[in-house]
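A.B. asks: Sharing model24.csv below, CSV, C-alpha atoms:
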```
chain,number,residue,atom,x,y,z
A,268,MET,CA,-18.8,5.2,12.1
A,269,LEU,CA,-16.3,5.8,9.3
A,270,LYS,CA,-16.7,3.7,6.2
A,271,LEU,CA,-13.6,2.9,4.0
A,272,PHE,CA,-14.3,1.6,0.5
A,273,ILE,CA,-11.4,-0.5,-0.8
A,274,ALA,CA,-10.7,-2.8,-3.8
A,275,ASN,CA,-9.2,-6.3,-3.8
A,276,LYS,CA,-6.6,-6.7,-1.1
A,277,ASN,CA,-4.4,-8.7,-3.4
A,278,TYR,CA,-4.0,-5.9,-5.9
A,279,SER,CA,-5.0,-2.6,-4.4
A,280,SER,CA,-1.9,-0.8,-2.9
A,281,TRP,CA,-3.8,2.4,-2.7
A,282,SER,CA,-6.5,0.8,-0.6
A,283,LEU,CA,-3.9,-0.6,1.8
A,284,ARG,CA,-2.6,2.8,2.8
A,285,PRO,CA,-5.6,4.2,4.7
A,286,TRP,CA,-6.7,0.7,5.8
A,287,VAL,CA,-3.5,-0.1,7.6
A,288,LEU,CA,-3.3,3.4,9.1
A,289,LEU,CA,-6.8,3.1,10.5
A,290,LYS,CA,-5.9,-0.3,12.0
A,291,GLU,CA,-2.5,0.8,13.5
A,292,VAL,CA,-3.8,4.1,14.9
A,293,GLU,CA,-6.8,2.2,16.2
A,294,ILE,CA,-9.5,4.3,14.5
A,295,PRO,CA,-12.8,2.4,14.3
A,296,PHE,CA,-14.1,2.0,10.8
A,297,GLU,CA,-16.3,-0.3,8.6
A,298,GLU,CA,-14.5,-2.0,5.7
A,299,CYS,CA,-16.5,-2.0,2.4
A,300,LEU,CA,-14.6,-4.1,-0.1
A,301,VAL,CA,-15.7,-3.9,-3.8
A,302,PRO,CA,-13.7,-6.2,-6.1
A,303,PHE,CA,-12.3,-5.1,-9.5
A,304,GLY,CA,-14.5,-6.5,-12.2
A,305,VAL,CA,-17.5,-7.2,-10.1
A,306,SER,CA,-18.6,-3.6,-10.4
A,307,ALA,CA,-17.4,-3.1,-14.0
A,308,GLY,CA,-14.2,-1.4,-13.0
A,309,HIS,CA,-14.1,2.4,-12.7
A,310,ALA,CA,-17.6,2.8,-14.1
A,311,GLY,CA,-19.0,0.7,-11.2
A,312,PHE,CA,-16.9,2.4,-8.6
A,313,LYS,CA,-18.4,5.8,-9.7
A,314,SER,CA,-21.6,4.9,-7.8
A,315,PHE,CA,-19.7,5.7,-4.6
A,316,SER,CA,-16.4,7.3,-5.6
A,317,PRO,CA,-16.4,10.5,-7.7
A,318,THR,CA,-13.2,9.5,-9.5
A,319,GLY,CA,-14.2,5.9,-10.1
A,320,ARG,CA,-11.2,4.9,-8.1
A,321,LEU,CA,-10.6,3.5,-4.6
A,322,PRO,CA,-10.0,4.1,-1.8
A,323,CYS,CA,-12.6,6.6,-0.6
A,324,LEU,CA,-13.7,7.4,2.9
A,325,VAL,CA,-17.3,8.1,4.0
A,326,ASP,CA,-17.8,10.1,7.3
A,327,GLY,CA,-21.6,10.6,7.6
A,328,GLU,CA,-22.5,12.8,4.7
A,329,LEU,CA,-18.9,13.7,3.9
A,330,LEU,CA,-16.9,11.9,1.3
A,331,VAL,CA,-13.1,12.0,1.0
A,332,TRP,CA,-11.3,10.4,-1.9
A,333,ASP,CA,-7.6,9.8,-2.7
A,334,SER,CA,-5.4,8.1,-0.1
A,335,LEU,CA,-3.4,11.3,0.7
A,336,ALA,CA,-6.5,13.3,1.2
A,337,ILE,CA,-8.0,10.6,3.5
A,338,VAL,CA,-4.8,10.6,5.6
A,339,GLU,CA,-4.9,14.4,6.0
A,340,TYR,CA,-8.6,14.3,6.8
A,341,LEU,CA,-8.0,11.7,9.5
A,342,ALA,CA,-5.1,13.7,10.9
A,343,GLU,CA,-7.4,16.6,11.7
A,344,SER,CA,-9.1,14.4,14.3
A,345,TYR,CA,-6.4,12.0,15.2
A,346,PRO,CA,-3.0,13.7,15.9
A,347,SER,CA,-1.1,10.4,16.0
A,348,VAL,CA,-1.6,10.0,12.3
A,349,TRP,CA,1.6,12.1,11.8
A,350,PRO,CA,4.6,12.5,14.2
A,351,ARG,CA,4.2,15.2,16.9
A,352,ASP,CA,7.7,16.5,16.4
A,353,LEU,CA,7.8,19.3,13.8
A,354,GLN,CA,10.9,18.1,12.0
A,355,ALA,CA,9.8,14.5,12.0
A,356,ARG,CA,6.3,15.5,10.7
A,357,ALA,CA,7.8,17.6,7.9
A,358,TRP,CA,10.1,14.8,6.8
A,359,ALA,CA,7.2,12.2,7.0
A,360,ARG,CA,5.0,14.4,4.9
A,361,CYS,CA,7.7,14.9,2.3
A,362,ALA,CA,8.5,11.2,2.1
A,363,SER,CA,4.8,10.3,1.9
A,364,ALA,CA,4.2,12.9,-0.9
A,365,GLU,CA,7.1,11.5,-2.8
A,366,MET,CA,5.7,8.0,-2.5
A,367,HIS,CA,2.3,9.2,-3.5
A,368,SER,CA,3.5,10.9,-6.7
A,369,GLU,CA,6.7,9.2,-7.8
A,370,PHE,CA,8.1,5.7,-8.3
A,371,HIS,CA,6.2,5.0,-11.5
A,372,HIS,CA,8.6,2.2,-12.7
A,373,ILE,CA,8.1,0.3,-9.5
A,374,ARG,CA,4.3,0.8,-9.8
A,375,ASN,CA,4.2,-0.3,-13.4
A,376,ILE,CA,6.7,-3.1,-13.4
A,377,CYS,CA,6.5,-4.4,-9.8
A,378,THR,CA,2.7,-4.4,-9.6
A,379,MET,CA,1.2,-5.3,-6.3
A,380,ASN,CA,0.1,-8.9,-6.2
A,381,CYS,CA,0.5,-10.1,-2.7
A,382,GLY,CA,0.2,-13.8,-3.3
A,383,LEU,CA,2.9,-14.1,-6.0
A,384,ARG,CA,6.7,-14.5,-5.8
A,385,VAL,CA,8.2,-13.2,-9.1
A,386,ARG,CA,11.6,-13.1,-10.7
A,387,ILE,CA,11.8,-9.8,-12.6
A,388,SER,CA,12.5,-10.3,-16.3
A,389,THR,CA,14.4,-7.1,-16.9
A,390,LEU,CA,15.8,-4.9,-14.1
A,391,THR,CA,15.9,-1.6,-16.1
A,392,PRO,CA,18.2,1.3,-14.9
A,393,GLU,CA,15.0,3.3,-14.1
A,394,LEU,CA,13.5,0.6,-12.0
A,395,GLN,CA,16.8,0.0,-10.2
A,396,ALA,CA,17.2,3.7,-9.6
A,397,GLU,CA,13.8,3.9,-8.0
A,398,TRP,CA,14.5,1.0,-5.7
A,399,GLN,CA,17.7,2.7,-4.7
A,400,ARG,CA,15.8,5.8,-3.9
A,401,VAL,CA,13.4,3.8,-1.7
A,402,ASP,CA,16.4,2.4,0.1
A,403,GLU,CA,17.9,5.8,0.6
A,404,LEU,CA,14.6,7.2,2.0
A,405,TRP,CA,14.1,4.3,4.4
A,406,VAL,CA,17.7,4.4,5.7
A,407,GLN,CA,17.5,8.1,6.1
A,408,GLY,CA,14.3,8.0,8.1
A,409,LEU,CA,15.4,5.1,10.3
A,410,SER,CA,18.8,6.6,11.1
A,411,ARG,CA,17.6,10.1,11.6
A,412,PHE,CA,14.6,9.3,13.8
A,413,GLY,CA,15.8,6.1,15.5
A,414,GLY,CA,13.3,3.5,14.2
A,415,PRO,CA,12.0,0.9,14.3
A,416,PHE,CA,9.4,2.7,12.2
A,417,LEU,CA,10.2,5.3,9.6
A,418,VAL,CA,10.0,8.4,11.8
A,419,GLY,CA,10.5,6.9,15.2
A,420,SER,CA,9.0,4.5,17.7
A,421,SER,CA,5.4,4.7,16.5
A,422,PHE,CA,3.6,3.7,13.3
A,423,THR,CA,2.5,6.8,11.4
A,424,ALA,CA,1.1,7.7,8.0
A,425,ALA,CA,4.6,7.6,6.5
A,426,ASP,CA,4.7,3.9,7.3
A,427,ALA,CA,1.2,3.5,5.8
A,428,PHE,CA,2.3,5.0,2.5
A,429,PHE,CA,5.2,2.7,2.2
A,430,ALA,CA,3.4,-0.4,3.4
A,431,PRO,CA,2.5,-1.5,-0.1
A,432,LEU,CA,6.2,-1.5,-1.0
A,433,ALA,CA,6.8,-4.1,1.8
A,434,PHE,CA,4.5,-6.5,-0.1
A,435,ARG,CA,6.4,-5.7,-3.3
A,436,VAL,CA,9.7,-6.4,-1.5
A,437,GLN,CA,8.2,-9.8,-0.5
A,438,THR,CA,7.1,-10.5,-4.1
A,439,TYR,CA,10.1,-9.3,-6.1
A,440,THR,CA,13.0,-9.3,-3.6
A,441,PRO,CA,14.8,-6.2,-4.9
A,442,THR,CA,18.3,-5.6,-3.6
A,443,LEU,CA,18.1,-3.4,-0.4
A,444,SER,CA,20.4,-2.5,2.5
A,445,HIS,CA,20.2,-4.5,5.7
A,446,ALA,CA,18.3,-1.7,7.4
A,447,SER,CA,15.7,-1.4,4.7
A,448,SER,CA,15.2,-5.1,4.5
A,449,GLY,CA,14.7,-5.2,8.2
A,450,TYR,CA,12.2,-2.3,8.0
A,451,ALA,CA,10.2,-4.1,5.2
A,452,LYS,CA,10.1,-7.2,7.5
A,453,LYS,CA,8.9,-5.1,10.4
A,454,LEU,CA,6.0,-3.9,8.3
A,455,LEU,CA,5.2,-7.3,7.0
A,456,ASP,CA,5.2,-8.8,10.5
A,457,LEU,CA,2.6,-6.3,11.8
A,458,PRO,CA,-0.7,-8.1,12.8
A,459,SER,CA,-2.6,-5.7,10.6
A,460,MET,CA,-0.4,-6.5,7.6
A,461,GLN,CA,-0.6,-10.2,8.3
A,462,SER,CA,-4.4,-9.9,8.4
A,463,TRP,CA,-4.4,-8.0,5.0
A,464,TYR,CA,-2.2,-10.7,3.5
A,465,THR,CA,-4.3,-13.6,4.8
A,466,SER,CA,-7.4,-12.0,3.3
A,467,ALA,CA,-5.5,-11.2,0.0
A,468,ILE,CA,-4.4,-14.7,-0.7
A,469,ALA,CA,-7.9,-16.1,0.2
A,470,GLU,CA,-9.6,-14.0,-2.5
A,471,THR,CA,-10.8,-15.9,-5.5
A,472,TRP,CA,-11.5,-12.9,-7.7
A,473,ARG,CA,-9.1,-12.4,-10.6
A,474,ASP,CA,-8.9,-9.2,-12.5
A,475,GLU,CA,-7.3,-9.8,-15.9
A,476,ALA,CA,-5.7,-6.3,-16.2
A,477,HIS,CA,-3.8,-6.8,-12.9
A,478,GLU,CA,-2.9,-10.5,-13.8
A,479,ALA,CA,-1.5,-9.3,-17.1
A,480,GLU,CA,0.7,-6.8,-15.3
A,481,ALA,CA,2.0,-9.5,-13.1
A,482,ARG,CA,2.7,-11.9,-16.0
A,483,ALA,CA,4.6,-9.1,-17.8
A,484,ALA,CA,6.8,-8.5,-14.7
A,485,GLY,CA,8.6,-11.8,-15.0
A,486,THR,CA,8.6,-15.5,-14.1
A,487,TRP,CA,6.1,-16.6,-11.4
A,488,LEU,CA,8.1,-18.7,-9.0
A,489,GLU,CA,5.2,-19.2,-6.5
A,490,ASP,CA,1.5,-18.4,-6.3
A,491,HIS,CA,0.2,-18.6,-2.7
A,492,ARG,CA,-3.4,-17.6,-3.7
A,493,VAL,CA,-6.3,-19.9,-3.5
A,494,SER,CA,-7.8,-21.3,-6.7
A,495,ALA,CA,-9.4,-18.6,-8.7
A,496,HIS,CA,-12.6,-17.9,-10.6
A,497,ARG,CA,-13.0,-14.9,-12.8
A,498,ALA,CA,-15.2,-12.1,-11.5
A,499,ALA,CA,-18.3,-11.5,-13.6
```
As structure tokens - that is how I would like this structure written.

C.D. replies:
Amino acid sequence: MLKLFIANKNYSSWSLRPWVLLKEVEIPFEECLVPFGVSAGHAGFKSFSPTGRLPCLVDGELLVWDSLAIVEYLAESYPSVWPRDLQARAWARCASAEMHSEFHHIRNICTMNCGLRVRISTLTPELQAEWQRVDELWVQGLSRFGGPFLVGSSFTAADAFFAPLAFRVQTYTPTLSHASSGYAKKLLDLPSMQSWYTSAIAETWRDEAHEAEARAAGTWLEDHRVSAHRAA
């Protein structure tokens, strides 16, 4: 059976992508969660990940790292990972690649912290422009391919790549169009996403680097996480 190594569900947006895809496409796998801090960060992750980062996928003796590589590896055996239609598949790959490599201000300022609700301190022009681009992409996909998912009626890798942004929408409430807000809610309401969220807020581990990023983002309005202890 496939093994997927992931980090804390509260923080790890990169881990969420292949995890939610595996769940939604109904590919059997074993979840192996290794918290930040418990394994001394990247140095500890190096024991099973060549980059010292997560996620990574183990298929027998074969190891696949990086969320985009994992998705493409899965697509070789499971065609439903990407849309079957050529135009939809091309658009989905472009949108996913853009999400994979861009949106640095959203990543750095609106860090993923599922349990928090945060009022951003400063909405910089760069951050605002990136949220506008997300809105543009989502509206384009929904209108072009008919929804309710990004490239049609079925959940695909494109939705998996943007799933972490749905949690960021919940945390930071950026200004989005009605269509994009509805799409974010559609993702958040998925049973797989609800399962991830329930596990995320139940985690008691805290990683100071991620906590500092969330404090820098702005004022914490709500914290839905259980009481914490620091990971040793």

A.B. asks: One decimal, in Å: what's the spacing between atom CA of A:Ser334 and atom CA of A:Arg411?

C.D. replies: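 Between atom CA of A:Ser334 and atom CA of A:Arg411 the gap is 25.9 Å.
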
A.B. asks: From the list A:Leu417, A:Ala469, A:Ala424, A:Cys361, which residue is nearest A:Ala446 when using only C-alpha atoms?

C.D. replies: A:Leu417

A.B. asks: Suppose you want the space between atom CA of A:Thr440 and atom CA of A:Val401; what is it in Å?

C.D. replies: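 We find that atom CA of A:Thr440 and atom CA of A:Val401 lie 13.2 Å from each other.
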
A.B. asks: Which residue out of A:Ala483, A:Ala427, A:Ala476, A:Ile294 has the minimum interatomic distance to A:Thr389 when all atoms listed in the file are used?

C.D. replies: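 Checking each of A:Ala483, A:Ala427, A:Ala476, A:Ile294 against A:Thr389, counting all atoms listed in the file, the winner is A:Ala483.
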
A.B. asks: For each of A:Leu409, A:Asp426, A:Ala355, A:Leu432, take the minimum atom-to-atom distance to A:Ile373, counting only C-alpha atoms, then give the residue where this is smallest.

C.D. replies: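 For A:Ile373, the nearest of the candidates is A:Leu432.
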
A.B. asks: Is it possible to get the residues within 12 Å of (7.8, 4.7, 13.7) (coordinates as in the file, counting only C-alpha atoms) written as a PyMOL selection string?

C.D. replies: chain A and resi 291-292+347-351+355-356+359+405+408-427+429+450+453-454

A.B. asks: Residues of the last selection are to be written out with C-alpha atoms, as a short mmCIF file (atom, residue, chain, number, x, y, z; two decimals), keeping the file's coordinate frame.

C.D. replies:
```cif
data_model
loop_
_atom_site.label_atom_id
_atom_site.label_comp_id
_atom_site.auth_asym_id
_atom_site.auth_seq_id
_atom_site.Cartn_x
_atom_site.Cartn_y
_atom_site.Cartn_z
CA GLU A 291 -2.50 0.80 13.50
CA VAL A 292 -3.80 4.10 14.90
CA SER A 347 -1.10 10.40 16.00
CA VAL A 348 -1.60 10.00 12.30
CA TRP A 349 1.60 12.10 11.80
CA PRO A 350 4.60 12.50 14.20
CA ARG A 351 4.20 15.20 16.90
CA ALA A 355 9.80 14.50 12.00
CA ARG A 356 6.30 15.50 10.70
CA ALA A 359 7.20 12.20 7.00
CA TRP A 405 14.10 4.30 4.40
CA GLY A 408 14.30 8.00 8.10
CA LEU A 409 15.40 5.10 10.30
CA SER A 410 18.80 6.60 11.10
CA ARG A 411 17.60 10.10 11.60
CA PHE A 412 14.60 9.30 13.80
CA GLY A 413 15.80 6.10 15.50
CA GLY A 414 13.30 3.50 14.20
CA PRO A 415 12.00 0.90 14.30
CA PHE A 416 9.40 2.70 12.20
CA LEU A 417 10.20 5.30 9.60
CA VAL A 418 10.00 8.40 11.80
CA GLY A 419 10.50 6.90 15.20
CA SER A 420 9.00 4.50 17.70
CA SER A 421 5.40 4.70 16.50
CA PHE A 422 3.60 3.70 13.30
CA THR A 423 2.50 6.80 11.40
CA ALA A 424 1.10 7.70 8.00
CA ALA A 425 4.60 7.60 6.50
CA ASP A 426 4.70 3.90 7.30
CA ALA A 427 1.20 3.50 5.80
CA PHE A 429 5.20 2.70 2.20
CA TYR A 450 12.20 -2.30 8.00
CA LYS A 453 8.90 -5.10 10.40
CA LEU A 454 6.00 -3.90 8.30
#
```

A.B. asks: Determine the nearest neighbour of A:Arg284 from the options A:Met268, A:Val338, A:Leu488, A:Val301, counting only C-alpha atoms.

C.D. replies: A:Val338

A.B. asks: Please identify all polymer residues within 9 Å of A:Ile376, counting all atoms listed in the file, omitting same-chain residues fewer than 4 positions from it, and present them as number ranges by chain.

C.D. replies: A: 371-372, 387, 394, 480-481, 483-484

A.B. asks: So how many Å separate atom CA of A:Trp281 and atom CA of A:Asp474, to one decimal?

C.D. replies: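 These two atoms are separated by 16.0 Å.
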
A.B. asks: Any idea what's packed within 12 Å of stretch 286-290 of chain A, counting all atoms listed in the file, ignoring anything in its chain fewer than 5 positions away? Could you give it as a PyMOL selection string?

C.D. replies: chain A and resi 269-274+276+279-281+295-300+321-324+334-335+337-342+345+347-349+421-431+454-455+457-464

A.B. asks: With all atoms listed in the file as the atoms that count, which of A:Val406, A:Glu475, A:Thr486, A:Ser444 lies nearest to A:Ser388?

C.D. replies: A:Thr486

A.B. asks: Would you kindly place N, CA and C atoms on stretch 326-339 of chain A and return the model as a PDB file, in the coordinates of the input?

C.D. replies:
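Final output, saved to result-v6.pdb:
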```pdb
ATOM      1  N   ASP A 326     -17.634   9.652   5.871  1.00  0.00           N
ATOM      2  CA  ASP A 326     -17.800  10.100   7.300  1.00  0.00           C
ATOM      3  C   ASP A 326     -19.165  10.780   7.339  1.00  0.00           C
ATOM      4  N   GLY A 327     -20.230  10.035   7.630  1.00  0.00           N
ATOM      5  CA  GLY A 327     -21.600  10.600   7.600  1.00  0.00           C
ATOM      6  C   GLY A 327     -21.931  11.026   6.197  1.00  0.00           C
ATOM      7  N   GLU A 328     -22.209  12.306   5.993  1.00  0.00           N
ATOM      8  CA  GLU A 328     -22.500  12.800   4.700  1.00  0.00           C
ATOM      9  C   GLU A 328     -21.311  13.308   3.921  1.00  0.00           C
ATOM     10  N   LEU A 329     -20.156  13.206   4.534  1.00  0.00           N
ATOM     11  CA  LEU A 329     -18.900  13.700   3.900  1.00  0.00           C
ATOM     12  C   LEU A 329     -18.164  12.610   3.256  1.00  0.00           C
ATOM     13  N   LEU A 330     -17.691  12.876   2.049  1.00  0.00           N
ATOM     14  CA  LEU A 330     -16.900  11.900   1.300  1.00  0.00           C
ATOM     15  C   LEU A 330     -15.539  12.429   1.001  1.00  0.00           C
ATOM     16  N   VAL A 331     -14.529  11.595   1.281  1.00  0.00           N
ATOM     17  CA  VAL A 331     -13.100  12.000   1.000  1.00  0.00           C
ATOM     18  C   VAL A 331     -12.526  10.907   0.136  1.00  0.00           C
ATOM     19  N   TRP A 332     -11.978  11.342  -0.997  1.00  0.00           N
ATOM     20  CA  TRP A 332     -11.300  10.400  -1.900  1.00  0.00           C
ATOM     21  C   TRP A 332      -9.862  10.722  -2.030  1.00  0.00           C
ATOM     22  N   ASP A 333      -9.090   9.749  -2.525  1.00  0.00           N
ATOM     23  CA  ASP A 333      -7.600   9.800  -2.700  1.00  0.00           C
ATOM     24  C   ASP A 333      -6.968   9.495  -1.331  1.00  0.00           C
ATOM     25  N   SER A 334      -5.983   8.596  -1.364  1.00  0.00           N
ATOM     26  CA  SER A 334      -5.400   8.100  -0.100  1.00  0.00           C
ATOM     27  C   SER A 334      -4.692   9.237   0.665  1.00  0.00           C
ATOM     28  N   LEU A 335      -4.048  10.186  -0.019  1.00  0.00           N
ATOM     29  CA  LEU A 335      -3.400  11.300   0.700  1.00  0.00           C
ATOM     30  C   LEU A 335      -4.417  12.195   1.352  1.00  0.00           C
ATOM     31  N   ALA A 336      -5.494  12.495   0.645  1.00  0.00           N
ATOM     32  CA  ALA A 336      -6.500  13.300   1.200  1.00  0.00           C
ATOM     33  C   ALA A 336      -7.188  12.648   2.422  1.00  0.00           C
ATOM     34  N   ILE A 337      -7.374  11.343   2.334  1.00  0.00           N
ATOM     35  CA  ILE A 337      -8.000  10.600   3.500  1.00  0.00           C
ATOM     36  C   ILE A 337      -7.063  10.702   4.685  1.00  0.00           C
ATOM     37  N   VAL A 338      -5.759  10.525   4.477  1.00  0.00           N
ATOM     38  CA  VAL A 338      -4.800  10.600   5.600  1.00  0.00           C
ATOM     39  C   VAL A 338      -4.861  11.991   6.236  1.00  0.00           C
ATOM     40  N   GLU A 339      -4.850  13.026   5.422  1.00  0.00           N
ATOM     41  CA  GLU A 339      -4.900  14.400   6.000  1.00  0.00           C
ATOM     42  C   GLU A 339      -6.199  14.670   6.688  1.00  0.00           C
TER      43      GLU A 339
END
```
